[in-house]
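The next block is start.pdb, given as PDB, C-alpha atoms and all ligand atoms.
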```
ATOM      1  CA  MET A   1     -28.943   7.055   5.006  1.00  0.00           C
ATOM      2  CA  MET A   2     -26.596   9.985   4.946  1.00  0.00           C
ATOM      3  CA  THR A   3     -25.372  11.401   8.233  1.00  0.00           C
ATOM      4  CA  THR A   4     -25.456  15.144   8.883  1.00  0.00           C
ATOM      5  CA  GLY A   5     -21.736  15.218   8.208  1.00  0.00           C
ATOM      6  CA  GLU A   6     -22.256  13.518   4.869  1.00  0.00           C
ATOM      7  CA  GLN A   7     -25.051  15.898   3.919  1.00  0.00           C
ATOM      8  CA  THR A   8     -22.765  18.854   4.574  1.00  0.00           C
ATOM      9  CA  LEU A   9     -19.995  17.158   2.614  1.00  0.00           C
ATOM     10  CA  ARG A  10     -22.429  16.637  -0.242  1.00  0.00           C
ATOM     11  CA  THR A  11     -23.161  20.371  -0.481  1.00  0.00           C
ATOM     12  CA  TYR A  12     -19.418  20.919  -1.022  1.00  0.00           C
ATOM     13  CA  PHE A  13     -19.437  18.396  -3.859  1.00  0.00           C
ATOM     14  CA  LEU A  14     -22.467  20.095  -5.433  1.00  0.00           C
ATOM     15  CA  ASP A  15     -20.699  23.480  -5.231  1.00  0.00           C
ATOM     16  CA  ALA A  16     -17.579  21.927  -6.674  1.00  0.00           C
ATOM     17  CA  PHE A  17     -19.516  20.346  -9.519  1.00  0.00           C
ATOM     18  CA  ARG A  18     -21.157  23.663 -10.471  1.00  0.00           C
ATOM     19  CA  GLN A  19     -17.930  25.625 -10.319  1.00  0.00           C
ATOM     20  CA  VAL A  20     -15.687  23.082 -12.000  1.00  0.00           C
ATOM     21  CA  THR A  21     -18.042  22.137 -14.839  1.00  0.00           C
ATOM     22  CA  ARG A  22     -19.978  25.453 -15.034  1.00  0.00           C
ATOM     23  CA  ARG A  23     -23.111  23.431 -15.547  1.00  0.00           C
ATOM     24  CA  SER A  24     -26.360  24.365 -13.803  1.00  0.00           C
ATOM     25  CA  ASP A  25     -28.004  20.955 -14.025  1.00  0.00           C
ATOM     26  CA  THR A  26     -26.583  19.025 -11.119  1.00  0.00           C
ATOM     27  CA  PRO A  27     -26.294  15.265 -11.337  1.00  0.00           C
ATOM     28  CA  GLU A  28     -27.103  12.822  -8.599  1.00  0.00           C
ATOM     29  CA  ILE A  29     -24.186  12.846  -6.203  1.00  0.00           C
ATOM     30  CA  HIS A  30     -23.660  10.130  -3.620  1.00  0.00           C
ATOM     31  CA  VAL A  31     -21.210  11.008  -0.895  1.00  0.00           C
ATOM     32  CA  ALA A  32     -20.024   8.835   1.967  1.00  0.00           C
ATOM     33  CA  PHE A  33     -17.271   8.709   4.526  1.00  0.00           C
ATOM     34  CA  TYR A  34     -15.450   5.436   4.045  1.00  0.00           C
ATOM     35  CA  PRO A  35     -12.965   3.523   6.260  1.00  0.00           C
ATOM     36  CA  PHE A  36     -10.077   3.357   3.793  1.00  0.00           C
ATOM     37  CA  ALA A  37      -6.702   2.100   5.004  1.00  0.00           C
ATOM     38  CA  GLY A  38      -5.277   5.611   5.200  1.00  0.00           C
ATOM     39  CA  LEU A  39      -6.135   9.117   4.053  1.00  0.00           C
ATOM     40  CA  ASN A  40      -7.523   8.035   0.674  1.00  0.00           C
ATOM     41  CA  HIS A  41     -10.507   9.175  -1.330  1.00  0.00           C
ATOM     42  CA  THR A  42     -12.168   7.998  -4.525  1.00  0.00           C
ATOM     43  CA  ILE A  43     -14.584   9.415  -7.029  1.00  0.00           C
ATOM     44  CA  ARG A  44     -16.211   7.846 -10.066  1.00  0.00           C
ATOM     45  CA  ILE A  45     -19.094   8.439 -12.391  1.00  0.00           C
ATOM     46  CA  ARG A  46     -21.505   5.747 -13.530  1.00  0.00           C
ATOM     47  CA  LYS A  47     -24.705   6.227 -15.524  1.00  0.00           C
ATOM     48  CA  GLN A  48     -24.647  10.021 -14.909  1.00  0.00           C
ATOM     49  CA  ARG A  49     -24.345   9.473 -11.173  1.00  0.00           C
ATOM     50  CA  ILE A  50     -21.323  10.561  -9.195  1.00  0.00           C
ATOM     51  CA  TYR A  51     -20.075   8.425  -6.314  1.00  0.00           C
ATOM     52  CA  ALA A  52     -17.562   9.968  -3.944  1.00  0.00           C
ATOM     53  CA  ARG A  53     -15.943   8.291  -0.986  1.00  0.00           C
ATOM     54  CA  VAL A  54     -13.937  10.389   1.420  1.00  0.00           C
ATOM     55  CA  SER A  55     -11.716   8.896   4.106  1.00  0.00           C
ATOM     56  CA  ASP A  56     -13.596   8.697   7.391  1.00  0.00           C
ATOM     57  CA  LEU A  57     -10.503  10.235   8.987  1.00  0.00           C
ATOM     58  CA  MET A  58     -11.885  13.516   7.582  1.00  0.00           C
ATOM     59  CA  ARG A  59     -15.187  13.274   9.433  1.00  0.00           C
ATOM     60  CA  ASP A  60     -14.014  15.846  11.966  1.00  0.00           C
ATOM     61  CA  ALA A  61     -11.810  17.805   9.588  1.00  0.00           C
ATOM     62  CA  PRO A  62     -12.373  21.569   9.350  1.00  0.00           C
ATOM     63  CA  PRO A  63     -15.053  22.517   6.785  1.00  0.00           C
ATOM     64  CA  ALA A  64     -12.420  24.261   4.624  1.00  0.00           C
ATOM     65  CA  ALA A  65     -10.455  21.015   4.297  1.00  0.00           C
ATOM     66  CA  GLN A  66     -13.595  19.007   3.447  1.00  0.00           C
ATOM     67  CA  ARG A  67     -14.550  21.606   0.862  1.00  0.00           C
ATOM     68  CA  ALA A  68     -11.047  21.500  -0.593  1.00  0.00           C
ATOM     69  CA  ILE A  69     -11.052  17.719  -1.062  1.00  0.00           C
ATOM     70  CA  ALA A  70     -14.474  17.950  -2.765  1.00  0.00           C
ATOM     71  CA  PHE A  71     -13.084  20.454  -5.289  1.00  0.00           C
ATOM     72  CA  ILE A  72      -9.908  18.400  -5.817  1.00  0.00           C
ATOM     73  CA  LEU A  73     -11.840  15.180  -6.472  1.00  0.00           C
ATOM     74  CA  VAL A  74     -14.352  16.789  -8.821  1.00  0.00           C
ATOM     75  CA  ALA A  75     -11.560  18.512 -10.764  1.00  0.00           C
ATOM     76  CA  LYS A  76      -9.790  15.167 -11.120  1.00  0.00           C
ATOM     77  CA  LEU A  77     -12.979  13.451 -12.239  1.00  0.00           C
ATOM     78  CA  PHE A  78     -13.416  15.955 -15.070  1.00  0.00           C
ATOM     79  CA  ARG A  79      -9.679  16.156 -15.774  1.00  0.00           C
ATOM     80  CA  ARG A  80      -9.483  19.832 -14.875  1.00  0.00           C
ATOM     81  CA  ARG A  81      -6.572  21.580 -13.299  1.00  0.00           C
ATOM     82  CA  VAL A  82      -6.832  21.512  -9.505  1.00  0.00           C
ATOM     83  CA  ASN A  83      -7.203  24.986  -8.063  1.00  0.00           C
ATOM     84  CA  SER A  84      -3.969  25.761  -6.210  1.00  0.00           C
ATOM     85  CA  GLU A  85      -5.780  27.313  -3.275  1.00  0.00           C
ATOM     86  CA  HIS A  86      -7.785  24.155  -2.649  1.00  0.00           C
ATOM     87  CA  GLN A  87      -4.606  22.144  -3.051  1.00  0.00           C
ATOM     88  CA  ALA A  88      -2.888  24.308  -0.418  1.00  0.00           C
ATOM     89  CA  VAL A  89      -5.774  24.090   2.052  1.00  0.00           C
ATOM     90  CA  TYR A  90      -5.940  20.321   1.698  1.00  0.00           C
ATOM     91  CA  ARG A  91      -2.177  19.863   2.039  1.00  0.00           C
ATOM     92  CA  GLN A  92      -2.068  22.047   5.121  1.00  0.00           C
ATOM     93  CA  TYR A  93      -4.674  19.778   6.681  1.00  0.00           C
ATOM     94  CA  ALA A  94      -3.192  16.478   5.500  1.00  0.00           C
ATOM     95  CA  TYR A  95       0.397  17.214   6.545  1.00  0.00           C
ATOM     96  CA  GLN A  96      -0.441  18.041  10.156  1.00  0.00           C
ATOM     97  CA  PRO A  97       1.390  15.588  12.436  1.00  0.00           C
ATOM     98  CA  GLN A  98      -1.787  14.319  14.117  1.00  0.00           C
ATOM     99  CA  VAL A  99      -3.435  13.664  10.740  1.00  0.00           C
ATOM    100  CA  VAL A 100      -0.362  11.853   9.389  1.00  0.00           C
ATOM    101  CA  ARG A 101      -0.304   9.801  12.575  1.00  0.00           C
ATOM    102  CA  ALA A 102      -4.013   8.909  12.394  1.00  0.00           C
ATOM    103  CA  SER A 103      -3.573   7.897   8.761  1.00  0.00           C
ATOM    104  CA  GLU A 104      -0.613   5.673   9.635  1.00  0.00           C
ATOM    105  CA  LEU A 105      -2.585   4.004  12.444  1.00  0.00           C
ATOM    106  CA  ALA A 106      -5.521   3.350  10.111  1.00  0.00           C
ATOM    107  CA  ARG A 107      -3.115   1.833   7.598  1.00  0.00           C
ATOM    108  CA  ARG A 108      -1.720  -0.537  10.215  1.00  0.00           C
ATOM    109  CA  ALA A 109      -5.063  -1.552  11.639  1.00  0.00           C
ATOM    110  CA  ARG A 110      -6.977  -1.876   8.377  1.00  0.00           C
ATOM    111  CA  GLY A 111      -4.343  -2.699   5.792  1.00  0.00           C
ATOM    112  CA  ARG A 112      -3.276  -5.891   7.478  1.00  0.00           C
ATOM    113  CA  LYS A 113      -6.621  -7.485   6.658  1.00  0.00           C
ATOM    114  CA  GLU A 114      -5.573  -7.489   2.993  1.00  0.00           C
ATOM    115  CA  LEU A 115      -3.055 -10.237   3.748  1.00  0.00           C
ATOM    116  CA  THR A 116      -3.860 -13.845   3.053  1.00  0.00           C
ATOM    117  CA  GLY A 117      -2.614 -16.533   5.423  1.00  0.00           C
ATOM    118  CA  ALA A 118       0.937 -17.840   5.732  1.00  0.00           C
ATOM    119  CA  ALA A 119      -0.020 -21.385   4.806  1.00  0.00           C
ATOM    120  CA  GLY A 120       0.071 -21.773   1.050  1.00  0.00           C
ATOM    121  CA  GLU A 121      -0.836 -24.816  -0.996  1.00  0.00           C
ATOM    122  CA  HIS A 122       2.748 -26.102  -1.023  1.00  0.00           C
ATOM    123  CA  TYR A 123       4.763 -23.990   1.352  1.00  0.00           C
ATOM    124  CA  ASP A 124       4.081 -22.687   4.826  1.00  0.00           C
ATOM    125  CA  LEU A 125       5.736 -19.309   5.340  1.00  0.00           C
ATOM    126  CA  ASP A 126       5.434 -19.546   9.139  1.00  0.00           C
ATOM    127  CA  ALA A 127       7.533 -22.722   9.190  1.00  0.00           C
ATOM    128  CA  ILE A 128      10.114 -21.338   6.749  1.00  0.00           C
ATOM    129  CA  PHE A 129      10.335 -18.094   8.708  1.00  0.00           C
ATOM    130  CA  ALA A 130      10.954 -19.974  11.970  1.00  0.00           C
ATOM    131  CA  ARG A 131      13.708 -22.030  10.350  1.00  0.00           C
ATOM    132  CA  LEU A 132      15.452 -19.033   8.783  1.00  0.00           C
ATOM    133  CA  ASN A 133      15.134 -17.004  11.958  1.00  0.00           C
ATOM    134  CA  ARG A 134      16.861 -19.760  13.913  1.00  0.00           C
ATOM    135  CA  ARG A 135      19.589 -20.416  11.353  1.00  0.00           C
ATOM    136  CA  TYR A 136      20.525 -16.874  10.331  1.00  0.00           C
ATOM    137  CA  PHE A 137      19.231 -14.478  12.981  1.00  0.00           C
ATOM    138  CA  ALA A 138      19.697 -16.389  16.263  1.00  0.00           C
ATOM    139  CA  ASN A 139      15.884 -16.103  16.643  1.00  0.00           C
ATOM    140  CA  ALA A 140      16.302 -12.357  17.119  1.00  0.00           C
ATOM    141  CA  LEU A 141      13.888 -11.187  14.404  1.00  0.00           C
ATOM    142  CA  GLN A 142      10.422 -10.061  15.473  1.00  0.00           C
ATOM    143  CA  LYS A 143       7.925 -12.088  13.525  1.00  0.00           C
ATOM    144  CA  PRO A 144       6.017  -9.904  11.047  1.00  0.00           C
ATOM    145  CA  ALA A 145       2.643 -10.743   9.506  1.00  0.00           C
ATOM    146  CA  LEU A 146       3.385 -13.256   6.754  1.00  0.00           C
ATOM    147  CA  GLY A 147       1.258 -13.947   3.726  1.00  0.00           C
ATOM    148  CA  TRP A 148       1.059 -14.898   0.077  1.00  0.00           C
ATOM    149  CA  SER A 149       0.061 -12.234  -2.426  1.00  0.00           C
ATOM    150  CA  ARG A 150      -3.447 -12.468  -3.831  1.00  0.00           C
ATOM    151  CA  ARG A 151      -2.174 -12.327  -7.398  1.00  0.00           C
ATOM    152  CA  ARG A 152       0.581 -14.456  -8.932  1.00  0.00           C
ATOM    153  CA  THR A 153       2.959 -11.554  -9.460  1.00  0.00           C
ATOM    154  CA  LYS A 154       5.958 -12.588 -11.552  1.00  0.00           C
ATOM    155  CA  ARG A 155       8.081  -9.471 -11.479  1.00  0.00           C
ATOM    156  CA  ILE A 156       7.897  -8.763  -7.757  1.00  0.00           C
ATOM    157  CA  LEU A 157       8.509 -11.956  -5.781  1.00  0.00           C
ATOM    158  CA  GLY A 158       8.607 -10.526  -2.309  1.00  0.00           C
ATOM    159  CA  HIS A 159       7.797  -7.317  -0.499  1.00  0.00           C
ATOM    160  CA  HIS A 160       8.426  -6.028   3.008  1.00  0.00           C
ATOM    161  CA  ASP A 161       5.931  -3.447   4.216  1.00  0.00           C
ATOM    162  CA  ARG A 162       7.317  -1.533   7.167  1.00  0.00           C
ATOM    163  CA  ALA A 163       4.061   0.314   7.937  1.00  0.00           C
ATOM    164  CA  HIS A 164       2.260  -2.988   8.510  1.00  0.00           C
ATOM    165  CA  GLU A 165       5.302  -4.994   9.614  1.00  0.00           C
ATOM    166  CA  ALA A 166       4.319  -7.502   6.982  1.00  0.00           C
ATOM    167  CA  ILE A 167       6.097  -9.624   4.395  1.00  0.00           C
ATOM    168  CA  VAL A 168       4.208 -10.675   1.301  1.00  0.00           C
ATOM    169  CA  ILE A 169       5.584 -13.408  -0.973  1.00  0.00           C
ATOM    170  CA  SER A 170       4.350 -13.853  -4.523  1.00  0.00           C
ATOM    171  CA  ARG A 171       1.867 -16.673  -4.904  1.00  0.00           C
ATOM    172  CA  SER A 172       3.671 -17.599  -8.134  1.00  0.00           C
ATOM    173  CA  LEU A 173       6.310 -19.283  -5.924  1.00  0.00           C
ATOM    174  CA  ASP A 174       3.805 -21.491  -4.085  1.00  0.00           C
ATOM    175  CA  THR A 175       4.088 -24.323  -6.610  1.00  0.00           C
ATOM    176  CA  PRO A 176       5.667 -27.792  -6.683  1.00  0.00           C
ATOM    177  CA  GLU A 177       8.001 -26.611  -9.494  1.00  0.00           C
ATOM    178  CA  THR A 178       9.595 -24.064  -7.176  1.00  0.00           C
ATOM    179  CA  PRO A 179      12.384 -25.573  -5.067  1.00  0.00           C
ATOM    180  CA  GLU A 180      12.085 -24.845  -1.375  1.00  0.00           C
ATOM    181  CA  PHE A 181      15.459 -23.101  -1.175  1.00  0.00           C
ATOM    182  CA  LEU A 182      14.145 -20.484  -3.620  1.00  0.00           C
ATOM    183  CA  VAL A 183      11.148 -19.637  -1.413  1.00  0.00           C
ATOM    184  CA  GLU A 184      13.576 -19.565   1.500  1.00  0.00           C
ATOM    185  CA  PHE A 185      15.900 -17.180  -0.308  1.00  0.00           C
ATOM    186  CA  VAL A 186      13.108 -14.763  -1.318  1.00  0.00           C
ATOM    187  CA  LEU A 187      11.779 -14.751   2.255  1.00  0.00           C
ATOM    188  CA  TYR A 188      15.331 -14.424   3.644  1.00  0.00           C
ATOM    189  CA  HIS A 189      15.850 -11.311   1.484  1.00  0.00           C
ATOM    190  CA  GLU A 190      12.667  -9.732   2.885  1.00  0.00           C
ATOM    191  CA  MET A 191      13.682 -10.683   6.426  1.00  0.00           C
ATOM    192  CA  LEU A 192      16.918  -8.771   5.891  1.00  0.00           C
ATOM    193  CA  HIS A 193      14.782  -5.681   5.277  1.00  0.00           C
ATOM    194  CA  ILE A 194      13.527  -6.051   8.865  1.00  0.00           C
ATOM    195  CA  LYS A 195      17.083  -6.306  10.151  1.00  0.00           C
ATOM    196  CA  HIS A 196      18.568  -3.512   8.000  1.00  0.00           C
ATOM    197  CA  ARG A 197      16.918  -0.122   7.743  1.00  0.00           C
ATOM    198  CA  ALA A 198      17.395   1.824   4.525  1.00  0.00           C
ATOM    199  CA  ARG A 199      20.341   4.236   4.572  1.00  0.00           C
ATOM    200  CA  THR A 200      20.522   7.696   3.078  1.00  0.00           C
ATOM    201  CA  ILE A 201      23.537   7.846   0.789  1.00  0.00           C
ATOM    202  CA  ASN A 202      24.143  11.057  -1.202  1.00  0.00           C
ATOM    203  CA  GLY A 203      20.562  12.123  -0.544  1.00  0.00           C
ATOM    204  CA  ARG A 204      19.053   8.874  -1.845  1.00  0.00           C
ATOM    205  CA  ARG A 205      17.357   6.127   0.149  1.00  0.00           C
ATOM    206  CA  VAL A 206      19.345   2.948  -0.405  1.00  0.00           C
ATOM    207  CA  HIS A 207      17.691  -0.289   0.694  1.00  0.00           C
ATOM    208  CA  HIS A 208      20.185  -2.819  -0.661  1.00  0.00           C
ATOM    209  CA  HIS A 209      23.346  -1.246   0.723  1.00  0.00           C
ATOM    210  CA  ALA A 210      26.674  -3.030   1.168  1.00  0.00           C
ATOM    211  CA  ALA A 211      25.905  -4.446   4.634  1.00  0.00           C
ATOM    212  CA  PHE A 212      22.585  -5.783   3.324  1.00  0.00           C
ATOM    213  CA  ARG A 213      24.235  -7.432   0.321  1.00  0.00           C
ATOM    214  CA  SER A 214      26.955  -8.962   2.428  1.00  0.00           C
ATOM    215  CA  ASP A 215      24.352 -10.499   4.749  1.00  0.00           C
ATOM    216  CA  GLU A 216      22.437 -11.735   1.743  1.00  0.00           C
ATOM    217  CA  ARG A 217      25.476 -13.704   0.577  1.00  0.00           C
ATOM    218  CA  ARG A 218      25.454 -15.639   3.867  1.00  0.00           C
ATOM    219  CA  PHE A 219      22.506 -17.653   2.554  1.00  0.00           C
ATOM    220  CA  ALA A 220      23.698 -21.275   2.214  1.00  0.00           C
ATOM    221  CA  ARG A 221      22.677 -21.709  -1.427  1.00  0.00           C
ATOM    222  CA  TYR A 222      23.186 -18.096  -2.430  1.00  0.00           C
ATOM    223  CA  GLU A 223      24.816 -18.726  -5.840  1.00  0.00           C
ATOM    224  CA  GLU A 224      22.271 -21.314  -6.865  1.00  0.00           C
ATOM    225  CA  ALA A 225      19.286 -19.238  -5.714  1.00  0.00           C
ATOM    226  CA  SER A 226      20.576 -16.047  -7.388  1.00  0.00           C
ATOM    227  CA  ALA A 227      21.129 -17.880 -10.674  1.00  0.00           C
ATOM    228  CA  TRP A 228      17.581 -19.258 -10.472  1.00  0.00           C
ATOM    229  CA  LEU A 229      16.138 -15.797  -9.866  1.00  0.00           C
ATOM    230  CA  ASP A 230      18.146 -14.422 -12.802  1.00  0.00           C
ATOM    231  CA  ARG A 231      16.665 -17.104 -15.040  1.00  0.00           C
ATOM    232  CA  LEU A 232      13.129 -16.260 -13.771  1.00  0.00           C
ATOM    233  CA  ALA A 233      13.738 -12.583 -14.517  1.00  0.00           C
ATOM    234  CA  GLU A 234      14.816 -13.355 -18.088  1.00  0.00           C
ATOM    235  CA  ARG A 235      11.628 -15.199 -18.860  1.00  0.00           C
TER     236      ARG A 235
HETATM  237 ZN    ZN B 301      14.818  -5.877  -1.264  1.00  0.00          ZN
END
```

Take the structure in this file and express it as structure tokens.
Amino acid sequence: MMTTGEQTLRTYFLDAFRQVTRRSDTPEIHVAFYPFAGLNHTIRIRKQRIYARVSDLMRDAPPAAQRAIAFILVAKLFRRRVNSEHQAVYRQYAYQPQVVRASELARRARGRKELTGAAGEHYDLDAIFARLNRRYFANALQKPALGWSRRRTKRILGHHDRAHEAIVISRSLDTPETPEFLVEFVLYHEMLHIKHRARTINGRRVHHHAAFRSDERRFARYEEASAWLDRLAER
């Protein structure tokens, strides 16, 4: 069942379809507000039917902004140029501080669910975190959400997500062939991202600045772990 809000939104998509494609025969269009983790929207076409999902953060958005996102999505679906006026209306809405804030909150609350648990098949990130925190940070680091990535990513071994206060470690490291000090080192690197904020140097955001690198070298088996990572990268 479509809500009144969704029915109104659907009329914008129908308008957009007619204007963007200049076709009079309108296809079936399914429109729904959807609880994405942030101000995201999707559109796709399957068997002549169009399915659009608009962030539920836009439920109470002004009609002009809802209309604008309908035109933007339909233009993208048919690979047409996005009308600059619609672009401007949407941006004006999306860049308002309260909208940015609501989007950030939704990302925190909903995005975290994407994480898998800290206990892997071979290594437990909670235990390793506690050990590293004690040894290198005098237990001063706030514990983030810890988890293994869903996919066995080879190129990216670790990631610190400041919006969610989460650290994700590549599942490719959760194997008996991976020595424990390597998992420790990858996690230690991500923990340093909690300790050190990025710095702006010559107008660029620098994450691995000198203070970060110097801390990184404090890791007990730094040389060995770095050499191992270099070998992994070459493969
Ligand atoms: Zn890094």

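The residue that comes closest to Leu73 (chain A), out of A:Val99, A:Ala210, A:Leu14, A:Ala109 and on the basis of all atoms listed in the file, is A:Leu14.
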
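With the cut-off set to 7 Å and all atoms listed in the file counted, the residues surrounding ligand ZN 301 (chain B) are A:His189, A:Glu190, A:His193, A:His207, A:His208.
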
- Query: What residues come out when you apply the PyMOL selection byres (((chain A and resi 74) around 10) and not hetatm) to this file, written as a VMD selection string?
  - Reply: chain A and resid 13 to 21 43 to 44 50 52 69 to 73 75 to 80 82

- Message: as a PyMOL selection string, please: the residues near Leu182 (chain A) (cut-off 12 Å, all atoms listed in the file, same-chain neighbours under 2 positions excluded).
- Response: chain A and resi 123+128+157-158+169-170+172-180+184-189+219-230+232

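Across the structure, CA of Pro97 (chain A) and CA of Ala166 (chain A) are spaced 23.9 Å apart.
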